[in-house]
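Visitor: protein16.cif is reproduced in full below (mmCIF, C-alpha atoms).
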data_protein
loop_
_atom_site.label_atom_id
_atom_site.label_comp_id
_atom_site.auth_asym_id
_atom_site.auth_seq_id
_atom_site.Cartn_x
_atom_site.Cartn_y
_atom_site.Cartn_z
CA MET A 9 -252.92 191.06 159.27
CA LEU A 10 -251.62 190.23 155.80
CA LEU A 11 -253.74 192.84 153.98
CA GLY A 12 -251.12 195.60 153.79
CA PRO A 13 -248.21 193.37 152.73
CA SER A 14 -250.43 191.60 150.17
CA LEU A 15 -251.47 194.88 148.57
CA ALA A 16 -247.81 195.97 148.45
CA VAL A 17 -246.74 192.73 146.77
CA SER A 18 -249.66 193.06 144.37
CA ALA A 19 -248.63 196.62 143.47
CA ILE A 20 -245.05 195.52 142.80
CA LEU A 21 -246.16 192.57 140.65
CA PHE A 22 -248.55 194.75 138.64
CA THR A 23 -245.80 197.30 138.02
CA LEU A 24 -243.42 194.55 136.92
CA GLY A 25 -246.06 193.44 134.43
CA VAL A 26 -246.39 196.98 133.04
CA VAL A 27 -242.60 197.34 132.82
CA GLY A 28 -242.42 194.02 130.98
CA VAL A 29 -245.01 195.16 128.44
CA LEU A 30 -243.03 198.37 127.86
CA LEU A 31 -239.67 196.59 127.74
CA ARG A 32 -240.23 193.62 125.47
CA ARG A 33 -240.95 193.28 121.75
CA ASN A 34 -241.85 189.60 121.66
CA ALA A 35 -245.65 189.33 121.44
CA ILE A 36 -245.78 186.11 123.47
CA VAL A 37 -243.68 187.56 126.32
CA ILE A 38 -245.97 190.60 126.34
CA PHE A 39 -248.92 188.22 126.74
CA MET A 40 -247.16 186.64 129.69
CA CYS A 41 -246.70 190.09 131.25
CA ILE A 42 -250.43 190.69 130.86
CA GLU A 43 -251.05 187.43 132.73
CA LEU A 44 -248.71 188.73 135.43
CA MET A 45 -250.82 191.88 135.76
CA LEU A 46 -254.03 189.84 135.96
CA ASN A 47 -252.46 187.77 138.74
CA ALA A 48 -251.48 190.90 140.66
CA VAL A 49 -255.12 192.02 140.54
CA ASN A 50 -256.23 188.55 141.65
CA LEU A 51 -253.94 188.85 144.67
CA THR A 52 -255.66 192.15 145.54
CA PHE A 53 -259.07 190.48 145.28
CA ILE A 54 -258.01 187.58 147.53
CA ALA A 55 -256.36 189.85 150.11
CA LEU A 56 -259.44 192.08 150.32
CA SER A 57 -261.84 189.12 150.33
CA GLN A 58 -260.19 188.00 153.56
CA GLN A 59 -261.49 191.26 155.05
CA LEU A 60 -264.70 191.90 153.14
CA GLY A 61 -266.26 188.47 152.49
CA LEU A 62 -266.09 185.66 149.96
CA ASP A 63 -267.34 187.61 146.92
CA GLY A 64 -263.74 188.50 146.07
CA GLN A 65 -262.86 184.84 145.60
CA VAL A 66 -265.82 184.44 143.22
CA PHE A 67 -264.50 187.39 141.24
CA VAL A 68 -261.07 185.78 141.00
CA PHE A 69 -262.84 182.74 139.54
CA PHE A 70 -264.33 184.94 136.80
CA VAL A 71 -261.03 186.73 136.18
CA MET A 72 -259.33 183.38 135.64
CA THR A 73 -262.02 182.33 133.15
CA VAL A 74 -261.62 185.55 131.19
CA ALA A 75 -257.82 185.19 131.32
CA ALA A 76 -258.05 181.66 129.91
CA ALA A 77 -260.32 182.82 127.07
CA GLU A 78 -258.05 185.80 126.40
CA ALA A 79 -254.93 183.61 126.29
CA ALA A 80 -256.55 181.17 123.87
CA VAL A 81 -257.78 183.87 121.47
CA GLY A 82 -254.63 185.98 121.82
CA LEU A 83 -252.30 183.10 121.07
CA ALA A 84 -254.46 182.14 118.09
CA ILE A 85 -254.01 185.73 116.82
CA VAL A 86 -250.25 185.44 117.37
CA ILE A 87 -250.19 182.22 115.31
CA ALA A 88 -252.24 183.84 112.54
CA VAL A 89 -249.94 186.89 112.43
CA TYR A 90 -246.82 184.69 112.49
CA ARG A 91 -248.12 182.90 109.42
CA HIS A 92 -248.30 186.22 107.52
CA LYS A 93 -245.15 187.96 108.78
CA ASP A 94 -242.87 185.11 109.93
CA THR A 95 -242.11 186.98 113.15
CA VAL A 96 -243.61 187.77 116.54
CA ASN A 97 -241.50 190.91 116.96
CA LEU A 98 -244.01 193.73 117.43
CA GLN A 99 -241.68 196.24 115.75
CA ARG A 100 -242.14 194.44 112.45
CA ILE A 101 -245.88 193.86 112.82
CA ASN A 102 -247.37 197.13 111.57
CA LEU A 103 -250.40 195.94 109.62
CA LEU A 104 -252.52 198.86 110.79
CA ARG A 105 -250.02 201.53 109.76
CA GLY A 106 -251.22 203.35 106.63
CA MET B 1 -244.67 182.04 161.26
CA THR B 2 -247.37 183.09 158.80
CA LEU B 3 -245.55 186.34 158.13
CA VAL B 4 -242.26 184.55 157.52
CA ALA B 5 -243.94 182.18 155.06
CA PHE B 6 -245.74 185.08 153.39
CA TRP B 7 -242.59 187.13 152.85
CA THR B 8 -240.66 184.08 151.64
CA PHE B 9 -243.25 183.34 148.96
CA ALA B 10 -243.62 187.05 148.16
CA ALA B 11 -239.85 187.38 147.64
CA VAL B 12 -239.83 184.29 145.39
CA ALA B 13 -242.79 185.66 143.42
CA ILE B 14 -241.23 189.10 142.88
CA ALA B 15 -237.78 187.73 142.04
CA SER B 16 -239.29 185.27 139.54
CA ALA B 17 -241.37 188.07 137.99
CA VAL B 18 -238.21 190.20 137.55
CA LEU B 19 -236.43 187.25 135.93
CA CYS B 20 -239.50 186.62 133.77
CA ILE B 21 -239.38 190.10 132.22
CA THR B 22 -235.58 190.19 131.84
CA ARG B 23 -234.71 186.74 130.44
CA ARG B 24 -234.16 186.86 126.70
CA SER B 25 -235.39 183.35 125.93
CA PRO B 26 -239.23 183.11 125.84
CA VAL B 27 -239.09 179.60 127.32
CA ALA B 28 -237.10 180.85 130.33
CA SER B 29 -239.61 183.69 130.73
CA ALA B 30 -242.50 181.24 130.70
CA LEU B 31 -240.88 178.96 133.28
CA TRP B 32 -240.11 181.86 135.64
CA LEU B 33 -243.72 183.00 135.27
CA VAL B 34 -244.84 179.50 136.31
CA ASN B 35 -242.66 179.93 139.41
CA THR B 36 -244.39 183.24 140.17
CA LEU B 37 -247.82 181.65 139.76
CA PHE B 38 -246.93 178.81 142.15
CA SER B 39 -245.72 181.30 144.79
CA LEU B 40 -248.95 183.26 144.38
CA ALA B 41 -250.92 180.04 144.95
CA ALA B 42 -249.04 179.56 148.23
CA ILE B 43 -249.88 183.15 149.22
CA TYR B 44 -253.56 182.44 148.44
CA VAL B 45 -253.46 179.56 150.93
CA LEU B 46 -252.08 181.92 153.57
CA LEU B 47 -254.93 184.35 152.76
CA ASP B 48 -257.65 181.73 153.51
CA ALA B 49 -258.42 180.90 149.86
CA PRO B 50 -257.35 177.24 149.44
CA PHE B 51 -259.82 176.51 146.62
CA ILE B 52 -258.61 179.47 144.56
CA ALA B 53 -255.03 178.32 145.23
CA ALA B 54 -255.84 174.88 143.80
CA ILE B 55 -257.53 176.47 140.78
CA GLN B 56 -254.50 178.74 140.34
CA VAL B 57 -252.16 175.75 140.13
CA LEU B 58 -254.50 173.75 137.87
CA VAL B 59 -255.68 176.46 135.47
CA TYR B 60 -252.91 179.05 135.47
CA ALA B 61 -249.69 177.16 136.16
CA GLY B 62 -251.10 174.07 134.46
CA ALA B 63 -253.35 174.87 131.53
CA ILE B 64 -252.59 178.46 130.50
CA MET B 65 -248.81 178.24 130.79
CA VAL B 66 -248.78 174.92 128.91
CA LEU B 67 -250.70 176.73 126.17
CA PHE B 68 -247.99 179.41 126.10
CA LEU B 69 -245.17 176.86 125.98
CA PHE B 70 -247.04 174.94 123.29
CA VAL B 71 -247.28 178.05 121.09
CA ILE B 72 -243.58 178.84 121.67
CA MET B 73 -242.76 175.30 120.57
CA LEU B 74 -245.15 175.46 117.61
CA LEU B 75 -243.62 178.71 116.30
CA ASN B 76 -240.07 177.47 117.09
CA LEU B 77 -239.25 180.56 119.19
CA GLY B 78 -237.23 178.70 121.82
CA ARG B 79 -233.92 180.30 120.87
CA THR B 80 -233.13 183.89 121.79
CA ALA B 81 -234.25 186.45 119.23
CA PRO B 82 -232.09 189.56 118.75
CA GLY B 83 -233.76 192.88 119.53
CA ASP B 84 -236.40 191.41 121.81
CA ILE B 85 -235.56 193.72 124.72
CA LYS B 86 -235.73 197.39 123.78
CA GLY B 87 -232.68 199.71 123.75
CA PRO B 88 -231.55 202.19 126.45
CA TRP B 89 -234.33 204.69 125.71
CA GLY B 90 -237.02 202.04 125.91
CA ARG B 91 -235.52 200.76 129.17
CA ALA B 92 -235.41 204.27 130.66
CA VAL B 93 -239.06 204.88 129.75
CA ALA B 94 -240.08 201.49 131.17
CA VAL B 95 -238.24 202.05 134.47
CA ALA B 96 -239.60 205.61 134.79
CA ALA B 97 -243.17 204.46 134.14
CA GLY B 98 -242.68 201.64 136.62
CA LEU B 99 -241.43 204.00 139.33
CA VAL B 100 -244.35 206.37 138.79
CA LEU B 101 -246.80 203.47 138.97
CA VAL B 102 -245.22 202.07 142.16
CA PHE B 103 -245.43 205.53 143.72
CA GLU B 104 -249.12 205.84 142.82
CA LEU B 105 -249.97 202.36 144.04
CA VAL B 106 -248.13 202.87 147.34
CA ALA B 107 -250.01 206.16 147.81
CA LEU B 108 -253.27 204.28 147.23
CA TRP B 109 -252.22 201.51 149.58
CA LEU B 110 -251.48 203.99 152.37
CA ALA B 111 -255.07 205.28 152.12
CA ALA B 112 -256.60 202.56 154.30
CA PRO B 113 -260.06 201.17 153.42
CA PRO B 114 -262.89 202.50 155.59
CA GLY B 115 -263.26 200.48 158.75
CA GLU B 116 -267.00 199.87 158.51
CA LEU B 117 -266.49 197.70 155.41
CA GLU B 118 -264.47 195.15 157.31
CA LEU B 119 -265.85 191.89 158.64
CA PRO B 120 -264.89 190.79 162.15
CA ALA B 121 -261.46 189.13 162.11
CA GLY B 122 -261.50 185.47 161.11
CA THR B 123 -264.95 185.47 159.48
CA VAL B 124 -263.78 184.19 156.11
CA ALA B 125 -261.38 181.72 157.71
CA GLY B 126 -264.28 180.48 159.89
CA THR B 127 -266.56 180.09 156.86
CA VAL B 128 -263.90 178.13 155.00
CA ALA B 129 -263.28 175.93 158.05
CA ALA B 130 -267.00 175.34 158.69
CA ARG B 131 -268.20 174.70 155.12
CA GLY B 132 -265.06 173.39 153.48
CA ALA B 133 -262.95 175.12 150.86
CA VAL B 134 -265.17 174.29 147.88
CA GLN B 135 -268.58 174.96 149.41
CA ALA B 136 -267.44 178.32 150.80
CA VAL B 137 -266.86 179.55 147.22
CA ALA B 138 -269.62 177.51 145.56
CA ARG B 139 -272.44 178.99 147.63
CA PRO B 140 -271.96 182.66 146.59
CA LEU B 141 -271.01 181.53 143.08
CA PHE B 142 -274.24 179.61 142.48
CA GLN B 143 -276.55 181.87 144.50
CA GLY B 144 -275.48 185.48 144.05
CA TYR B 145 -273.54 185.13 140.82
CA LEU B 146 -275.49 182.50 138.90
CA VAL B 147 -276.22 184.67 135.84
CA PRO B 148 -272.58 185.82 135.41
CA PHE B 149 -271.53 182.19 135.82
CA GLU B 150 -273.83 181.12 132.98
CA VAL B 151 -272.69 184.04 130.80
CA THR B 152 -269.12 182.83 131.36
CA SER B 153 -269.96 179.62 129.52
CA VAL B 154 -271.02 181.67 126.48
CA LEU B 155 -267.70 183.56 126.72
CA LEU B 156 -265.77 180.30 126.75
CA LEU B 157 -267.74 179.01 123.77
CA ALA B 158 -266.95 182.21 121.87
CA ALA B 159 -263.27 181.83 122.79
CA ILE B 160 -263.21 178.21 121.53
CA VAL B 161 -264.84 179.14 118.23
CA GLY B 162 -262.65 182.23 117.85
CA ALA B 163 -259.42 180.33 118.51
CA VAL B 164 -260.31 177.61 116.00
CA VAL B 165 -261.34 180.13 113.32
CA LEU B 166 -258.22 182.26 113.81
CA ALA B 167 -255.66 179.48 114.00
CA LYS B 168 -256.98 177.18 111.30
CA ARG B 169 -255.56 177.66 107.83
CA ARG B 170 -258.60 176.60 105.87
CA LEU B 171 -262.05 175.98 107.31
#
Show me the file's structure as structure tokens.
Guide:
Amino acid sequence: MLLGPSLAVSAILFTLGVVGVLLRRNAIVIFMCIELMLNAVNLTFIALSQQLGLDGQVFVFFVMTVAAAEAAVGLAIVIAVYRHKDTVNLQRINLLRG
Amino acid sequence: MTLVAFWTFAAVAIASAVLCITRRSPVASALWLVNTLFSLAAIYVLLDAPFIAAIQVLVYAGAIMVLFLFVIMLLNLGRTAPGDIKGPWGRAVAVAAGLVLVFELVALWLAAPPGELELPAGTVAGTVAARGAVQAVARPLFQGYLVPFEVTSVLLLAAIVGAVVLAKRRL
């Protein structure tokens, strides 16, 4: 019953995450937008697992683990870059530009 | 009743997500994202996944967002930085890309999943009611997905070591 509405909400949330990544320059806010996208996908998994069996919930469990690891490593990278450049503005972080 | 609750939480989640990507202060963004995550946890309860909802509140809204706020505090980014949100061209590109993506996702959503994949109505809800919220997830996790579960522990170990190595000044 809730499958269609859930997928619609998930699509909107995922798109908002993409728009946030394109709109912002602050590295930490961009990380938060990535978390938003991961959550939209989790909502899809949960909505479909109501129809297709409990495996979807197990997958959400794994997605959350990967998201936690990604947040820890990503924020450590942000701290390391901030120490070099004194900013988290992605416009001024161009270490890989030749 | 369920539909009313669902749309209430969905509206809160979407509105908070919009505020999250438009607030200039990173702390405000983080707090609106926490609001979105809580609303999603409520939606998970409505979708017969109470254990995942609890994990969502504990791990996402609790641990991960505290990590974000902690880094914002550590780097002293609480005040609004100029030039964080891109100019008119960047906004136009972002909105256009968003509209295209919404269109694609709605087109995908309208293509209904094949009927033979679906369980009889109420199967998952019945499993959760019969076995309890934790056991319903634990049984497939520790039977069908035992190897991925163990590999996850290696991933977490790598993340711990990586975070310490990256963030520490001198080892």
Visitor: Which chain A residues have any atom within 6 Å of an atom of chain B, and for each, what is the nearest pair of atoms with distance in Å to one decimal, counting only C-alpha atoms, rows sorted by chain and number, as a Markdown table?
Guide:
| residue | atom | partner | partner_atom | distance |
| --- | --- | --- | --- | --- |
| A:Ala19 | CA | B:Leu105 | CA | 5.9 |
| A:Thr23 | CA | B:Gly98 | CA | 5.5 |
| A:Val27 | CA | B:Ala94 | CA | 5.1 |
| A:Gly28 | CA | B:Ile21 | CA | 5.1 |
| A:Leu30 | CA | B:Ala94 | CA | 5.4 |
| A:Leu31 | CA | B:Lys86 | CA | 5.6 |
| A:Arg32 | CA | B:Ile85 | CA | 4.7 |
| A:Arg33 | CA | B:Asp84 | CA | 4.9 |
| A:Asn34 | CA | B:Asp84 | CA | 5.7 |
| A:Gln58 | CA | B:Val124 | CA | 5.8 |
| A:Gln59 | CA | B:Glu118 | CA | 5.4 |
| A:Leu60 | CA | B:Glu118 | CA | 5.3 |
| A:Val66 | CA | B:Leu141 | CA | 6.0 |
| A:Ala77 | CA | B:Ala159 | CA | 5.3 |
| A:Val81 | CA | B:Ala163 | CA | 4.9 |
| A:Ala84 | CA | B:Ala167 | CA | 5.0 |
| A:Ala88 | CA | B:Ala167 | CA | 5.7 |
Visitor: In Å, rounded to a single decimal, give me how far atom CA of Gly61 of chain A is from atom CA of Gly132 of chain B.
Guide: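 Pair atom CA of Gly132 of chain B / atom CA of Gly61 of chain A returns 15.2 Å.
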Visitor: Could you pull out every residue with an atom within 12 Å of (-259.7, 188.2, 136.1), file coordinates, counting all atoms listed in the file, and send them as a PyMOL selection string?
Guide: (chain A and resi 42-54+64-79) or (chain B and resi 56+60+152)
Visitor: So how far away is atom CA of Leu11 of chain A from atom CA of Ala5 of chain B, in Å?
Guide: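 Those two atoms sit 14.5 Å apart.
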Visitor: Mind giving me the straight-line distance from atom CA of Ser14 of chain A to atom CA of Phe9 of chain B in Å, one decimal?
Guide: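 Taking atom CA of Ser14 of chain A and atom CA of Phe9 of chain B, their separation equals 11.0 Å.
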Visitor: Listed atoms of segment 127-138 of chain B, axis-aligned box, 5 Å per side: centre and edge lengths to one decimal in Å, as JSON?
Guide:
{"center_x": -266.3, "center_y": 176.7, "center_z": 152.1, "size_x": 16.7, "size_y": 16.7, "size_z": 23.1}
Visitor: Closest to Asn76 of chain B among A:Gly82, A:Ile87, A:Leu21, A:Phe39, using only C-alpha atoms?
Guide: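 Checking each candidate against Asn76 of chain B, we get A:Ile87 as the closest.
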Visitor: Output segment 86-171 of chain B from the block with C-alpha atoms, as a PDB file, in the first residue's frame?
Guide:
ATOM      1  CA  LYS B  86      27.206  28.681  -5.618  1.00  0.00           C
ATOM      2  CA  GLY B  87      26.137  31.652  -7.788  1.00  0.00           C
ATOM      3  CA  PRO B  88      23.165  31.875 -10.206  1.00  0.00           C
ATOM      4  CA  TRP B  89      24.779  29.642 -12.839  1.00  0.00           C
ATOM      5  CA  GLY B  90      25.575  26.942 -10.314  1.00  0.00           C
ATOM      6  CA  ARG B  91      22.022  27.153  -8.960  1.00  0.00           C
ATOM      7  CA  ALA B  92      20.521  26.891 -12.454  1.00  0.00           C
ATOM      8  CA  VAL B  93      22.625  23.818 -13.232  1.00  0.00           C
ATOM      9  CA  ALA B  94      21.706  22.223  -9.889  1.00  0.00           C
ATOM     10  CA  VAL B  95      17.968  22.821 -10.355  1.00  0.00           C
ATOM     11  CA  ALA B  96      18.071  21.591 -13.976  1.00  0.00           C
ATOM     12  CA  ALA B  97      19.943  18.429 -13.000  1.00  0.00           C
ATOM     13  CA  GLY B  98      17.498  17.906 -10.147  1.00  0.00           C
ATOM     14  CA  LEU B  99      14.473  18.234 -12.444  1.00  0.00           C
ATOM     15  CA  VAL B 100      15.955  15.788 -14.950  1.00  0.00           C
ATOM     16  CA  LEU B 101      16.681  13.307 -12.165  1.00  0.00           C
ATOM     17  CA  VAL B 102      13.176  13.618 -10.681  1.00  0.00           C
ATOM     18  CA  PHE B 103      11.717  13.028 -14.144  1.00  0.00           C
ATOM     19  CA  GLU B 104      13.829   9.898 -14.635  1.00  0.00           C
ATOM     20  CA  LEU B 105      13.047   8.532 -11.189  1.00  0.00           C
ATOM     21  CA  VAL B 106       9.308   9.129 -11.605  1.00  0.00           C
ATOM     22  CA  ALA B 107       9.455   7.345 -14.978  1.00  0.00           C
ATOM     23  CA  LEU B 108      11.169   4.409 -13.256  1.00  0.00           C
ATOM     24  CA  TRP B 109       8.650   4.466 -10.436  1.00  0.00           C
ATOM     25  CA  LEU B 110       5.735   4.291 -12.866  1.00  0.00           C
ATOM     26  CA  ALA B 111       7.185   1.075 -14.324  1.00  0.00           C
ATOM     27  CA  ALA B 112       5.719  -1.231 -11.671  1.00  0.00           C
ATOM     28  CA  PRO B 113       7.773  -4.230 -10.447  1.00  0.00           C
ATOM     29  CA  PRO B 114       6.693  -7.577 -11.905  1.00  0.00           C
ATOM     30  CA  GLY B 115       3.889  -9.110  -9.890  1.00  0.00           C
ATOM     31  CA  GLU B 116       5.423 -12.560  -9.460  1.00  0.00           C
ATOM     32  CA  LEU B 117       8.195 -11.092  -7.279  1.00  0.00           C
ATOM     33  CA  GLU B 118       5.764  -9.973  -4.627  1.00  0.00           C
ATOM     34  CA  LEU B 119       5.058 -11.865  -1.437  1.00  0.00           C
ATOM     35  CA  PRO B 120       1.446 -12.231  -0.283  1.00  0.00           C
ATOM     36  CA  ALA B 121       0.329  -9.075   1.533  1.00  0.00           C
ATOM     37  CA  GLY B 122       1.347  -8.922   5.191  1.00  0.00           C
ATOM     38  CA  THR B 123       4.070 -11.588   5.019  1.00  0.00           C
ATOM     39  CA  VAL B 124       6.852  -9.371   6.346  1.00  0.00           C
ATOM     40  CA  ALA B 125       4.560  -7.788   8.933  1.00  0.00           C
ATOM     41  CA  GLY B 126       3.549 -11.310  10.035  1.00  0.00           C
ATOM     42  CA  THR B 127       7.182 -12.413  10.315  1.00  0.00           C
ATOM     43  CA  VAL B 128       8.041  -9.361  12.393  1.00  0.00           C
ATOM     44  CA  ALA B 129       5.017  -9.936  14.629  1.00  0.00           C
ATOM     45  CA  ALA B 130       5.711 -13.669  15.046  1.00  0.00           C
ATOM     46  CA  ARG B 131       9.483 -13.580  15.619  1.00  0.00           C
ATOM     47  CA  GLY B 132       9.967 -10.128  17.066  1.00  0.00           C
ATOM     48  CA  ALA B 133      11.661  -7.168  15.429  1.00  0.00           C
ATOM     49  CA  VAL B 134      15.233  -8.253  16.156  1.00  0.00           C
ATOM     50  CA  GLN B 135      14.970 -11.939  15.323  1.00  0.00           C
ATOM     51  CA  ALA B 136      13.209 -11.215  12.030  1.00  0.00           C
ATOM     52  CA  VAL B 137      16.340  -9.376  10.819  1.00  0.00           C
ATOM     53  CA  ALA B 138      18.891 -11.469  12.720  1.00  0.00           C
ATOM     54  CA  ARG B 139      17.899 -14.771  11.119  1.00  0.00           C
ATOM     55  CA  PRO B 140      18.641 -13.806   7.472  1.00  0.00           C
ATOM     56  CA  LEU B 141      21.629 -11.747   8.634  1.00  0.00           C
ATOM     57  CA  PHE B 142      23.345 -14.643  10.399  1.00  0.00           C
ATOM     58  CA  GLN B 143      22.210 -17.415   8.042  1.00  0.00           C
ATOM     59  CA  GLY B 144      22.189 -16.101   4.483  1.00  0.00           C
ATOM     60  CA  TYR B 145      24.552 -13.171   4.911  1.00  0.00           C
ATOM     61  CA  LEU B 146      27.077 -14.454   7.446  1.00  0.00           C
ATOM     62  CA  VAL B 147      30.163 -13.978   5.238  1.00  0.00           C
ATOM     63  CA  PRO B 148      29.290 -10.371   4.258  1.00  0.00           C
ATOM     64  CA  PHE B 149      28.601  -9.686   7.932  1.00  0.00           C
ATOM     65  CA  GLU B 150      32.081 -10.894   8.885  1.00  0.00           C
ATOM     66  CA  VAL B 151      33.677  -8.947   6.013  1.00  0.00           C
ATOM     67  CA  THR B 152      31.941  -5.851   7.394  1.00  0.00           C
ATOM     68  CA  SER B 153      34.013  -6.141  10.561  1.00  0.00           C
ATOM     69  CA  VAL B 154      37.199  -5.989   8.454  1.00  0.00           C
ATOM     70  CA  LEU B 155      35.789  -2.882   6.721  1.00  0.00           C
ATOM     71  CA  LEU B 156      35.146  -1.221  10.065  1.00  0.00           C
ATOM     72  CA  LEU B 157      38.654  -2.083  11.256  1.00  0.00           C
ATOM     73  CA  ALA B 158      40.102  -0.548   8.085  1.00  0.00           C
ATOM     74  CA  ALA B 159      37.970   2.565   8.647  1.00  0.00           C
ATOM     75  CA  ILE B 160      39.194   2.897  12.256  1.00  0.00           C
ATOM     76  CA  VAL B 161      42.844   2.558  11.241  1.00  0.00           C
ATOM     77  CA  GLY B 162      42.377   4.872   8.264  1.00  0.00           C
ATOM     78  CA  ALA B 163      40.673   7.584  10.305  1.00  0.00           C
ATOM     79  CA  VAL B 164      43.391   7.511  12.974  1.00  0.00           C
ATOM     80  CA  VAL B 165      46.212   7.579  10.404  1.00  0.00           C
ATOM     81  CA  LEU B 166      44.630  10.427   8.425  1.00  0.00           C
ATOM     82  CA  ALA B 167      43.618  12.640  11.321  1.00  0.00           C
ATOM     83  CA  LYS B 168      46.649  12.237  13.551  1.00  0.00           C
ATOM     84  CA  ARG B 169      49.403  14.796  13.129  1.00  0.00           C
ATOM     85  CA  ARG B 170      52.321  12.580  14.043  1.00  0.00           C
ATOM     86  CA  LEU B 171      52.172   8.825  14.508  1.00  0.00           C
TER      87      LEU B 171
END
